[in-house]
file query33.pdb (PDB, C-alpha atoms, pLDDT in the B column)
ATOM      1  CA  MET A   1      12.734   1.862 -13.598  1.00 55.00           C
ATOM      2  CA  ALA A   2      15.246   3.179 -11.061  1.00 56.00           C
ATOM      3  CA  LEU A   3      12.399   3.932  -8.653  1.00 53.00           C
ATOM      4  CA  ASN A   4      11.173   0.313  -8.869  1.00 62.00           C
ATOM      5  CA  PHE A   5      14.711  -0.899  -8.166  1.00 58.00           C
ATOM      6  CA  HIS A   6      14.947   1.339  -5.087  1.00 55.00           C
ATOM      7  CA  ARG A   7      11.568   0.149  -3.814  1.00 62.00           C
ATOM      8  CA  ARG A   8      12.566  -3.506  -4.240  1.00 60.00           C
ATOM      9  CA  LEU A   9      15.886  -2.856  -2.556  1.00 50.00           C
ATOM     10  CA  LEU A  10      14.157  -1.099   0.347  1.00 52.00           C
ATOM     11  CA  THR A  11      11.719  -4.008   0.691  1.00 58.00           C
ATOM     12  CA  ILE A  12      14.580  -6.504   0.806  1.00 55.00           C
ATOM     13  CA  LEU A  13      16.469  -4.385   3.340  1.00 49.00           C
ATOM     14  CA  ALA A  14      13.366  -4.072   5.505  1.00 51.00           C
ATOM     15  CA  PHE A  15      12.910  -7.846   5.446  1.00 48.00           C
ATOM     16  CA  LEU A  16      16.530  -8.388   6.417  1.00 44.00           C
ATOM     17  CA  LEU A  17      16.298  -5.774   9.154  1.00 47.00           C
ATOM     18  CA  VAL A  18      13.358  -7.529  10.762  1.00 44.00           C
ATOM     19  CA  SER A  19      14.328 -11.148  10.177  1.00 40.00           C
ATOM     20  CA  LEU A  20      18.097 -11.389  10.593  1.00 40.00           C
ATOM     21  CA  PRO A  21      19.893 -11.198  13.931  1.00 39.00           C
ATOM     22  CA  PHE A  22      21.737  -7.980  14.718  1.00 39.00           C
ATOM     23  CA  HIS A  23      25.363  -7.807  15.805  1.00 37.00           C
ATOM     24  CA  SER A  24      26.212  -7.551  19.484  1.00 34.00           C
ATOM     25  CA  ASN A  25      26.071  -3.762  19.851  1.00 38.00           C
ATOM     26  CA  ALA A  26      22.701  -3.448  18.125  1.00 44.00           C
ATOM     27  CA  VAL A  27      19.255  -4.209  19.461  1.00 46.00           C
ATOM     28  CA  SER A  28      17.250  -7.410  19.194  1.00 47.00           C
ATOM     29  CA  ALA A  29      15.091  -7.981  16.120  1.00 49.00           C
ATOM     30  CA  GLU A  30      12.388  -9.343  18.457  1.00 55.00           C
ATOM     31  CA  LYS A  31      11.445  -5.754  19.350  1.00 66.00           C
ATOM     32  CA  CYS A  32      10.668  -4.898  15.726  1.00 75.00           C
ATOM     33  CA  ILE A  33       7.070  -4.976  14.552  1.00 77.00           C
ATOM     34  CA  PRO A  34       6.572  -4.839  10.762  1.00 76.00           C
ATOM     35  CA  GLY A  35       5.452  -1.309   9.919  1.00 82.00           C
ATOM     36  CA  GLY A  36       6.248  -0.075  13.422  1.00 91.00           C
ATOM     37  CA  TYR A  37       9.284   1.531  14.961  1.00 94.00           C
ATOM     38  CA  CYS A  38      12.353  -0.596  15.598  1.00 95.00           C
ATOM     39  CA  PRO A  39      14.928   0.335  18.274  1.00 95.00           C
ATOM     40  CA  ARG A  40      18.323   1.394  16.926  1.00 96.00           C
ATOM     41  CA  ASN A  41      21.713   1.779  18.535  1.00 97.00           C
ATOM     42  CA  PRO A  42      21.983   5.478  19.512  1.00 97.00           C
ATOM     43  CA  ASN A  43      25.790   5.268  19.225  1.00 97.00           C
ATOM     44  CA  ASP A  44      25.700   4.117  15.595  1.00 97.00           C
ATOM     45  CA  PRO A  45      27.596   6.671  13.433  1.00 97.00           C
ATOM     46  CA  ASP A  46      24.636   6.945  11.018  1.00 95.00           C
ATOM     47  CA  ILE A  47      22.265   7.708  13.906  1.00 97.00           C
ATOM     48  CA  ILE A  48      24.659  10.362  15.246  1.00 97.00           C
ATOM     49  CA  ARG A  49      24.908  11.864  11.740  1.00 97.00           C
ATOM     50  CA  ILE A  50      21.099  12.036  11.533  1.00 97.00           C
ATOM     51  CA  GLY A  51      20.931  13.587  15.019  1.00 97.00           C
ATOM     52  CA  THR A  52      23.513  16.187  14.015  1.00 97.00           C
ATOM     53  CA  PHE A  53      21.489  16.939  10.883  1.00 97.00           C
ATOM     54  CA  ALA A  54      18.339  17.428  13.007  1.00 98.00           C
ATOM     55  CA  VAL A  55      20.044  19.866  15.389  1.00 97.00           C
ATOM     56  CA  GLU A  56      21.741  21.842  12.595  1.00 96.00           C
ATOM     57  CA  THR A  57      18.519  22.070  10.584  1.00 97.00           C
ATOM     58  CA  TYR A  58      16.574  23.198  13.648  1.00 96.00           C
ATOM     59  CA  ASN A  59      19.244  25.820  14.357  1.00 94.00           C
ATOM     60  CA  SER A  60      19.102  27.234  10.839  1.00 95.00           C
ATOM     61  CA  ASN A  61      15.283  27.311  10.821  1.00 94.00           C
ATOM     62  CA  SER A  62      14.888  28.893  14.269  1.00 92.00           C
ATOM     63  CA  ASN A  63      18.039  31.000  14.615  1.00 89.00           C
ATOM     64  CA  SER A  64      19.095  28.876  17.607  1.00 89.00           C
ATOM     65  CA  SER A  65      22.533  27.716  18.694  1.00 89.00           C
ATOM     66  CA  LEU A  66      21.970  24.213  20.047  1.00 92.00           C
ATOM     67  CA  GLU A  67      24.821  21.683  19.972  1.00 93.00           C
ATOM     68  CA  LEU A  68      24.331  17.921  19.897  1.00 95.00           C
ATOM     69  CA  ASP A  69      25.477  16.341  23.157  1.00 94.00           C
ATOM     70  CA  ASN A  70      24.340  12.788  22.400  1.00 95.00           C
ATOM     71  CA  VAL A  71      21.509  10.689  21.026  1.00 97.00           C
ATOM     72  CA  VAL A  72      19.695   9.181  24.009  1.00 97.00           C
ATOM     73  CA  GLU A  73      17.282   6.944  22.107  1.00 97.00           C
ATOM     74  CA  ALA A  74      16.818   6.048  18.450  1.00 98.00           C
ATOM     75  CA  GLN A  75      14.157   4.211  16.475  1.00 97.00           C
ATOM     76  CA  SER A  76      13.556   3.673  12.787  1.00 96.00           C
ATOM     77  CA  GLN A  77      10.459   2.873  10.761  1.00 95.00           C
ATOM     78  CA  VAL A  78      10.369   1.577   7.206  1.00 92.00           C
ATOM     79  CA  VAL A  79       8.025   3.674   5.087  1.00 91.00           C
ATOM     80  CA  ASN A  80       8.555   4.851   1.531  1.00 89.00           C
ATOM     81  CA  GLY A  81      12.060   5.554   2.822  1.00 91.00           C
ATOM     82  CA  LEU A  82      12.929   5.542   6.533  1.00 93.00           C
ATOM     83  CA  ASN A  83      11.653   7.582   9.464  1.00 96.00           C
ATOM     84  CA  TYR A  84      14.095   8.093  12.325  1.00 97.00           C
ATOM     85  CA  ARG A  85      12.615   9.108  15.659  1.00 98.00           C
ATOM     86  CA  LEU A  86      15.346  10.331  17.986  1.00 98.00           C
ATOM     87  CA  VAL A  87      15.551  11.602  21.537  1.00 97.00           C
ATOM     88  CA  ILE A  88      18.456  14.033  21.556  1.00 97.00           C
ATOM     89  CA  LYS A  89      20.265  15.702  24.433  1.00 95.00           C
ATOM     90  CA  VAL A  90      21.673  19.098  23.483  1.00 94.00           C
ATOM     91  CA  ASN A  91      23.870  21.783  24.977  1.00 89.00           C
ATOM     92  CA  GLU A  92      22.050  25.110  25.135  1.00 76.00           C
ATOM     93  CA  THR A  93      23.421  28.520  25.914  1.00 67.00           C
ATOM     94  CA  HIS A  94      20.259  29.621  27.758  1.00 63.00           C
ATOM     95  CA  ILE A  95      19.094  26.672  29.846  1.00 56.00           C
ATOM     96  CA  ILE A  96      16.366  27.299  32.381  1.00 55.00           C
ATOM     97  CA  GLU A  97      17.349  25.792  35.742  1.00 55.00           C
ATOM     98  CA  ASN A  98      15.987  22.247  36.267  1.00 53.00           C
ATOM     99  CA  PHE A  99      14.450  22.148  32.786  1.00 59.00           C
ATOM    100  CA  PRO A 100      15.575  19.273  30.583  1.00 66.00           C
ATOM    101  CA  ASN A 101      17.590  20.052  27.495  1.00 88.00           C
ATOM    102  CA  VAL A 102      16.192  17.066  25.647  1.00 94.00           C
ATOM    103  CA  TYR A 103      14.397  17.150  22.311  1.00 95.00           C
ATOM    104  CA  GLN A 104      12.562  14.669  20.129  1.00 97.00           C
ATOM    105  CA  ALA A 105      13.188  14.788  16.401  1.00 98.00           C
ATOM    106  CA  LEU A 106      11.663  12.998  13.449  1.00 97.00           C
ATOM    107  CA  VAL A 107      13.902  12.818  10.394  1.00 97.00           C
ATOM    108  CA  TYR A 108      12.820  11.271   7.105  1.00 96.00           C
ATOM    109  CA  LEU A 109      15.428   9.608   4.900  1.00 95.00           C
ATOM    110  CA  GLY A 110      14.198   9.400   1.324  1.00 92.00           C
ATOM    111  CA  LEU A 111      15.002   6.784  -1.254  1.00 88.00           C
ATOM    112  CA  ASN A 112      17.744   8.930  -2.812  1.00 86.00           C
ATOM    113  CA  GLY A 113      20.289   8.041  -0.127  1.00 78.00           C
ATOM    114  CA  LYS A 114      22.023   9.630   2.827  1.00 75.00           C
ATOM    115  CA  ASP A 115      21.781  13.181   1.458  1.00 81.00           C
ATOM    116  CA  ASP A 116      17.975  12.962   1.130  1.00 91.00           C
ATOM    117  CA  LEU A 117      17.211  13.939   4.756  1.00 96.00           C
ATOM    118  CA  HIS A 118      14.201  16.013   5.845  1.00 97.00           C
ATOM    119  CA  LEU A 119      13.469  17.236   9.363  1.00 97.00           C
ATOM    120  CA  ARG A 120       9.763  16.609  10.037  1.00 97.00           C
ATOM    121  CA  TYR A 121       9.721  17.995  13.575  1.00 97.00           C
ATOM    122  CA  PHE A 122      12.010  18.973  16.443  1.00 97.00           C
ATOM    123  CA  LYS A 123      10.344  19.610  19.796  1.00 95.00           C
ATOM    124  CA  LYS A 124      11.498  20.092  23.358  1.00 92.00           C
ATOM    125  CA  LEU A 125      10.517  17.359  25.786  1.00 91.00           C
ATOM    126  CA  THR A 126       9.419  18.332  29.275  1.00 78.00           C
ATOM    127  CA  THR A 127       9.921  14.787  30.609  1.00 63.00           C
ATOM    128  CA  VAL A 128      12.274  12.021  29.563  1.00 55.00           C
TER     129      VAL A 128
END
call {"tool": "encode", "arguments": {"input": "query33.pdb", "output": "structure tokens"}}
result
Amino acid sequence: MALNFHRRLLTILAFLLVSLPFHSNAVSAEKCIPGGYCPRNPNDPDIIRIGTFAVETYNSNSNSSLELDNVVEAQSQVVNGLNYRLVIKVNETHIIENFPNVYQALVYLGLNGKDDLHLRYFKKLTTV
């Protein structure tokens, strides 16, 4: 029963996300395609929290020491939960000269709320 409630709530939120206007610091709903990725404000505190989660999870899985500099680009996609596709600039201790320190991450947010995050991938981009 609780799962049905969460699915209905997610459906309603997805409808509102696509159909209602955003506030001034967010992006236009016109760029959102149902089922596709929708641009998000990279300075939104929730987006920064998800970016921080991606970097910290990558660090713990790969024994790295990256630090989040900023989220360059953010998109979300409504699925059975939410996918967040982020382009993240990081500070690295061993940067190769003239090589970008920019990564792309995909983080899944499950229906159980903000603590139900899963890093799907985290890869270095060679071009931005």
call {"tool": "atom_distance", "arguments": {"input": "query33.pdb", "atom1": "atom CA of Leu109 of chain A", "atom2": "atom CA of Lys89 of chain A"}}
result
21.0 Å
call {"tool": "closest_residue", "arguments": {"input": "query33.pdb", "among": "A:Leu111, A:Val102, A:Val79, A:Leu117", "to": "Pro34 of chain A", "atoms": "only C-alpha atoms"}}
result
A:Val79
call {"tool": "atom_distance", "arguments": {"input": "query33.pdb", "atom1": "atom CA of Gly110 of chain A", "atom2": "atom CA of Asn83 of chain A"}}
result
8.7 Å
call {"tool": "resolve_selection", "arguments": {"input": "query33.pdb", "expression": "the PyMOL selection byres ((chain A and resi 51) around 9)", "output": "PyMOL selection string"}}
result
chain A and resi 46-50+52-56+68+70-71+86-88+105+107
call {"tool": "atom_distance", "arguments": {"input": "query33.pdb", "atom1": "atom CA of Tyr103 of chain A", "atom2": "atom CA of Gly35 of chain A"}}
result
24.0 Å
call {"tool": "resolve_selection", "arguments": {"input": "query33.pdb", "expression": "the PyMOL selection byres ((chain A and resi 121) around 9)", "output": "PDB file with C-alpha atoms, in the frame of the given file"}}
result
ATOM      1  CA  ALA A  54      18.339  17.428  13.007  1.00 98.00           C
ATOM      2  CA  TYR A  58      16.574  23.198  13.648  1.00 96.00           C
ATOM      3  CA  GLN A 104      12.562  14.669  20.129  1.00 97.00           C
ATOM      4  CA  ALA A 105      13.188  14.788  16.401  1.00 98.00           C
ATOM      5  CA  LEU A 106      11.663  12.998  13.449  1.00 97.00           C
ATOM      6  CA  VAL A 107      13.902  12.818  10.394  1.00 97.00           C
ATOM      7  CA  LEU A 119      13.469  17.236   9.363  1.00 97.00           C
ATOM      8  CA  ARG A 120       9.763  16.609  10.037  1.00 97.00           C
ATOM      9  CA  PHE A 122      12.010  18.973  16.443  1.00 97.00           C
ATOM     10  CA  LYS A 123      10.344  19.610  19.796  1.00 95.00           C
TER      11      LYS A 123
END
call {"tool": "resolve_selection", "arguments": {"input": "query33.pdb", "expression": "the PyMOL selection byres ((chain A and resi 75) around 6)", "output": "PyMOL selection string"}}
result
chain A and resi 37-40+74+76+84-85
call {"tool": "write_last_selection", "arguments": {"input": "query33.pdb", "atoms": "C-alpha atoms", "output": "CSV table (one decimal), in the coordinates of the input"}}
result
chain,number,residue,atom,x,y,z
A,37,TYR,CA,9.3,1.5,15.0
A,38,CYS,CA,12.4,-0.6,15.6
A,39,PRO,CA,14.9,0.3,18.3
A,40,ARG,CA,18.3,1.4,16.9
A,74,ALA,CA,16.8,6.0,18.4
A,76,SER,CA,13.6,3.7,12.8
A,84,TYR,CA,14.1,8.1,12.3
A,85,ARG,CA,12.6,9.1,15.7
call {"tool": "axis_aligned_box", "arguments": {"input": "query33.pdb", "around": "segment 108-122 of chain A", "padding_each_side": "4 Å", "output": "lines of an AutoDock Vina configuration file"}}
result
center_x = 15.9
center_y = 12.9
center_z = 6.8
size_x = 20.3
size_y = 20.2
size_z = 27.3
